[in-house]
Amino acid sequence: MPQVRIIAKNFMDMVASLPAMKLDRLYHNSFICEAILRSLPPLAKKYVLQMIYMEGPFPAKSLEEWVLADGFSKHKVAIDRLIQLRVFMETTERKKETSYRINPTFQSNLQKHLTSGGVLPREPMPSNITVRLPSLEELDAYALEQWECFLLQLINSSQAEKLTNFSSSMIRVFQRGLLSQRDNKDAPRLTESGFQFLLMDTNAQLWYIIREYISNSEERGVDPADLISFLLELSFHIMGEAYNMNTLNEIQRTAIKDLADLGLIKLQQGRKESWFIPTKLATNLSVSLTDSSTRKQGFVVVETNFRMYAYSTSKLHCEILRLFSRIEYQLPNLIVGAITKESLYTAFENGITAEQIIGFLQQNAHPRVAERIPSVPENVTDQIRLWESDLNRVEMTLAHLYDEFPSRDVFDAACDYAREWGGLLWEDSKKMRLVVKAEIHMQMREFLRGQKQ
Amino acid sequence: MASVPSKLYSDDVSLVVVLVDTNPFFWATSSLSFSQFLSHVLAFLNSILLLNQLNQVVVIATGHNSCDYVYDSSSASHHGVENRTIPALYSVLLQKMEEFLIKDEKLGKQESPGMIASSLLSGSLSLALCYIQRLFRTGPLHPQPRILCLQGSSDGPEQYVAIMNSIFSAQRSMVPIDSCYVGAHNSAFLQQASYITGGVYVKPQHLDGLFQYLVTVFATDLHCRSSLQLPRPAGVDFRASCFCHKTTIDMGYVCSVCLSIFCKHHKKCSTCGSVFGQAQADNSAVSDRKRKAPET
């Protein structure tokens, strides 16, 4: 079975993979320039800023002069990234000196931003029209609820048909995203990567979903570049403000309905006009994945006796915990469970690794225990790892057995040779037999043939 | 401060507290006008805010007689700005700056003329450090703070003790003080401040290109600094001011108990009250021991 790993790639990787022409077109939008700049590694940001008012190419040598010896790898990464995103254009002069030139559209857009300050992509609607705007807390709650509702559908896919507030197009997209794979006639079942997906943090999950959404857009007759630019633009709106739907074009209006399903925005209808309100999920879109600022408050307390207390009202949390533990009680705001050998074995069978479980418990540790080091008791983490390694007691390696050596010298030489190649698995010097890995069988044969002569 | 690093963002999120010198005595004599200077600084502030969504900028004006917060990007809202042709940062900052200058001028009239035209750097440094300390204590995560002094007027020796204390407290809380000195001569205070706290001191050669200096050197966040070569101090003026007359001295007397510095011999330390030896009559043997360096 091919291993499908979910890598929560950055949004910008997707942007970088766009063809050059489309990328250059994207840079005409100043919000995209801004989002791209913010996504760059710190050193790359600095280089862009440094060259923002420079006309003409800038020799690579003089840029390198600033770099300290241990920072060189970072410098390389930064420059590669800039060239990949076509922010820097590499030009080679006659004298074989490389120099960089900053993308002129990108440059002029950022210059404009520096001198005139940040502008909003859209004017928020005046408050006399939009009377009953939700408060920020309500909005957060709405976004979370919408998102968890969506995830619950993934995790409890047998009930999926009952939850119909998602468009069927969305569900199709995610089914192809290997979250739930239909075996021929069976009920849809979460795959291994589906479980991995659920254990990721919200931002990473969101990226994954958005990525699937964008890569699928072409089939729906939407240009991915348009969608990307709209999503990035969306992240520059102010959270909690209302924006008029009339300012959107046709593509954006269809996209926004799907985004509302995910909880990125809230749609509201007034007497005459309708408007959309971006939530925290939308404004965090352009924030890079490494950023821990959006980390949620933890809720899990694990005790040394393998009991687990989760202070959560969310059904989703309960379902996630059920993946690897035995839920014992469920009180209105508390879930009590135990991590048992059996519960973990089912988790391992489903393809969840011990590290993922431990990572999840650590990431979601309740603030009270999060201050402690380690936040999850060591005996519990060790035991989880031990139980996992119990399952992997036997390891299979393709191998070849050699015996009937003509002399002890040949046998010893063969052993040494196999050891040198790191392919010796087993040897029995009394009976002069050895087992080597299949990969070095050919070399071994050549070697023995040489010995014979 | 053991708990501080764990609360930092993993990324390059930074808080830059910019101390802007608004001393009219200096700007009247400078080749670069204050408005030009301010336009460089505003563009610089914009670029800091551009670099990261979570970056934060605080501007403190350092006047001749007072100092005050002028702008804080975390509390500045996008609402309530009627004139939309000017971005919020500019209109808020300029308005506050003007109010500050008027207030500062009024304070000046009450005092007698003939003072050294230095600005109240010690005050604004303390304000900056207070702001940073408050940040350390609130919220689960906070950006990496640093202070940038944009100073033009010459050092006021009477502020020596206060400034040194601020420098040491910045050092203790691991806040680097960067300084960009636009005046004529080097500033010993700022050189020491940057040297002690691990910041960068730069005296731009061409003031027309101030923005480029600011962006190339001072926009570098603390993450990048480990991999980049930034201007190093050529020589730091470590001279101290005496506590009694507030003059800068090369040689002087140091209290053996509290390390206070005096330019003349005293019977009693004015800071800690220790009584010095009765040896002032014969100035050869005993008093030499109390001297920092032997007279030549």
# chains A, B, ... in the order shown; residues from 1 in each chain; ligands from 1
>>> interface_residues(of="chain A", to="chain B", cutoff="6 Å", atoms="only C-alpha atoms", output="list in words")
Arg38, Leu43, Gln50, Trp66, Val67, Leu68, Gly71, Leu114, Thr115 and Gly117 of chain A
>>> residues_around(residues="Lys437 (chain A)", least_positions_apart="2", cutoff="6 Å", atoms="only C-alpha atoms", output="PyMOL selection string")
chain A and resi 399+423+439-440
>>> write_last_selection(atoms="C-alpha atoms", output="mmCIF file, in the first residue's frame")
data_model
loop_
_atom_site.group_PDB
_atom_site.id
_atom_site.type_symbol
_atom_site.label_atom_id
_atom_site.label_comp_id
_atom_site.auth_asym_id
_atom_site.auth_seq_id
_atom_site.Cartn_x
_atom_site.Cartn_y
_atom_site.Cartn_z
ATOM 1 C CA ALA A 399 18.186 -11.599 2.765
ATOM 2 C CA GLY A 423 24.885 -5.778 5.243
ATOM 3 C CA GLU A 439 20.845 -5.327 -1.463
ATOM 4 C CA ILE A 440 24.444 -6.394 -1.284
#
>>> closest_residue(among="A:Pro406, A:Thr92, A:Thr98, A:Arg307", to="Glu64 (chain A)", atoms="only C-alpha atoms")
A:Thr98
>>> residues_around(residues="region 254-265 of chain B", least_positions_apart="5", cutoff="6 Å", atoms="only C-alpha atoms", output="ChimeraX atom specification")
/B:242-244
>>> residues_around(residues="Ala193 (chain B)", least_positions_apart="2", cutoff="12 Å", atoms="only C-alpha atoms", output="number ranges by chain")
B: 121-122, 125, 147-149, 160, 163-171, 175-180, 187-191, 195-201, 233, 236-238
>>> atom_distance(atom1="CA of Ala35 (chain A)", atom2="CA of Val20 (chain B)")
29.3 Å
>>> closest_residue(among="A:Phe31, A:Phe447, A:Trp207, A:Tyr243", to="Phe230 (chain A)", atoms="only C-alpha atoms")
A:Phe31
>>> residues_around(residues="Tyr142 (chain A)", least_positions_apart="6", cutoff="10 Å", atoms="only C-alpha atoms", output="PDB file with N, CA, C and O atoms, in the first residue's frame")
ATOM      1  N   PRO A 134     -22.064  40.592  15.137  1.00  0.00           N
ATOM      2  CA  PRO A 134     -21.668  39.765  16.276  1.00  0.00           C
ATOM      3  C   PRO A 134     -20.419  40.343  16.945  1.00  0.00           C
ATOM      4  O   PRO A 134     -19.605  40.991  16.294  1.00  0.00           O
ATOM      5  N   LEU A 136     -16.725  39.999  18.900  1.00  0.00           N
ATOM      6  CA  LEU A 136     -15.577  39.181  18.522  1.00  0.00           C
ATOM      7  C   LEU A 136     -15.649  37.795  19.148  1.00  0.00           C
ATOM      8  O   LEU A 136     -15.267  36.803  18.535  1.00  0.00           O
ATOM      9  N   GLU A 148     -15.481  22.846  13.815  1.00  0.00           N
ATOM     10  CA  GLU A 148     -15.578  21.568  14.506  1.00  0.00           C
ATOM     11  C   GLU A 148     -16.694  20.720  13.924  1.00  0.00           C
ATOM     12  O   GLU A 148     -16.579  19.495  13.841  1.00  0.00           O
ATOM     13  N   GLY A 263     -16.289  28.149   8.158  1.00  0.00           N
ATOM     14  CA  GLY A 263     -16.183  29.036   9.308  1.00  0.00           C
ATOM     15  C   GLY A 263     -15.176  30.150   9.126  1.00  0.00           C
ATOM     16  O   GLY A 263     -14.814  30.826  10.082  1.00  0.00           O
ATOM     17  N   LEU A 264     -14.708  30.338   7.904  1.00  0.00           N
ATOM     18  CA  LEU A 264     -13.767  31.423   7.670  1.00  0.00           C
ATOM     19  C   LEU A 264     -14.461  32.783   7.702  1.00  0.00           C
ATOM     20  O   LEU A 264     -13.866  33.781   8.085  1.00  0.00           O
ATOM     21  N   ILE A 265     -15.691  32.768   7.262  1.00  0.00           N
ATOM     22  CA  ILE A 265     -16.440  34.023   7.289  1.00  0.00           C
ATOM     23  C   ILE A 265     -17.874  33.731   7.718  1.00  0.00           C
ATOM     24  O   ILE A 265     -18.348  32.599   7.636  1.00  0.00           O
ATOM     25  N   LYS A 266     -18.529  34.782   8.162  1.00  0.00           N
ATOM     26  CA  LYS A 266     -19.929  34.660   8.534  1.00  0.00           C
ATOM     27  C   LYS A 266     -20.725  35.529   7.576  1.00  0.00           C
ATOM     28  O   LYS A 266     -20.353  36.672   7.317  1.00  0.00           O
ATOM     29  N   THR A 279     -13.703  35.956  10.000  1.00  0.00           N
ATOM     30  CA  THR A 279     -13.430  35.494  11.356  1.00  0.00           C
ATOM     31  C   THR A 279     -11.922  35.335  11.532  1.00  0.00           C
ATOM     32  O   THR A 279     -11.146  35.601  10.627  1.00  0.00           O
TER      33      THR A 279
END
>>> select_by_dssp(residues="region 3-248 of chain B", states="strand (DSSP E)", output="ChimeraX atom specification")
/B:14-21,56-62,67-72,144-151,177-181,201-202,240-241,248
>>> residues_around(residues="region 354-369 of chain A", least_positions_apart="2", cutoff="8 Å", atoms="only C-alpha atoms", output="list of chain:residue names")
A:Gln196, A:Leu199, A:Met200, A:Lys296, A:Gln297, A:Gly298, A:Phe299, A:Val300, A:Val301, A:Val302, A:Phe324, A:Phe348, A:Ile352, A:Glu371, A:Arg372, A:Ser375, A:Val376, A:Thr381, A:Ile384, A:Arg385, A:Glu388
>>> select_by_dssp(residues="region 68-271 of chain B", states="alpha helix (DSSP H)", output="count of residues only")
70
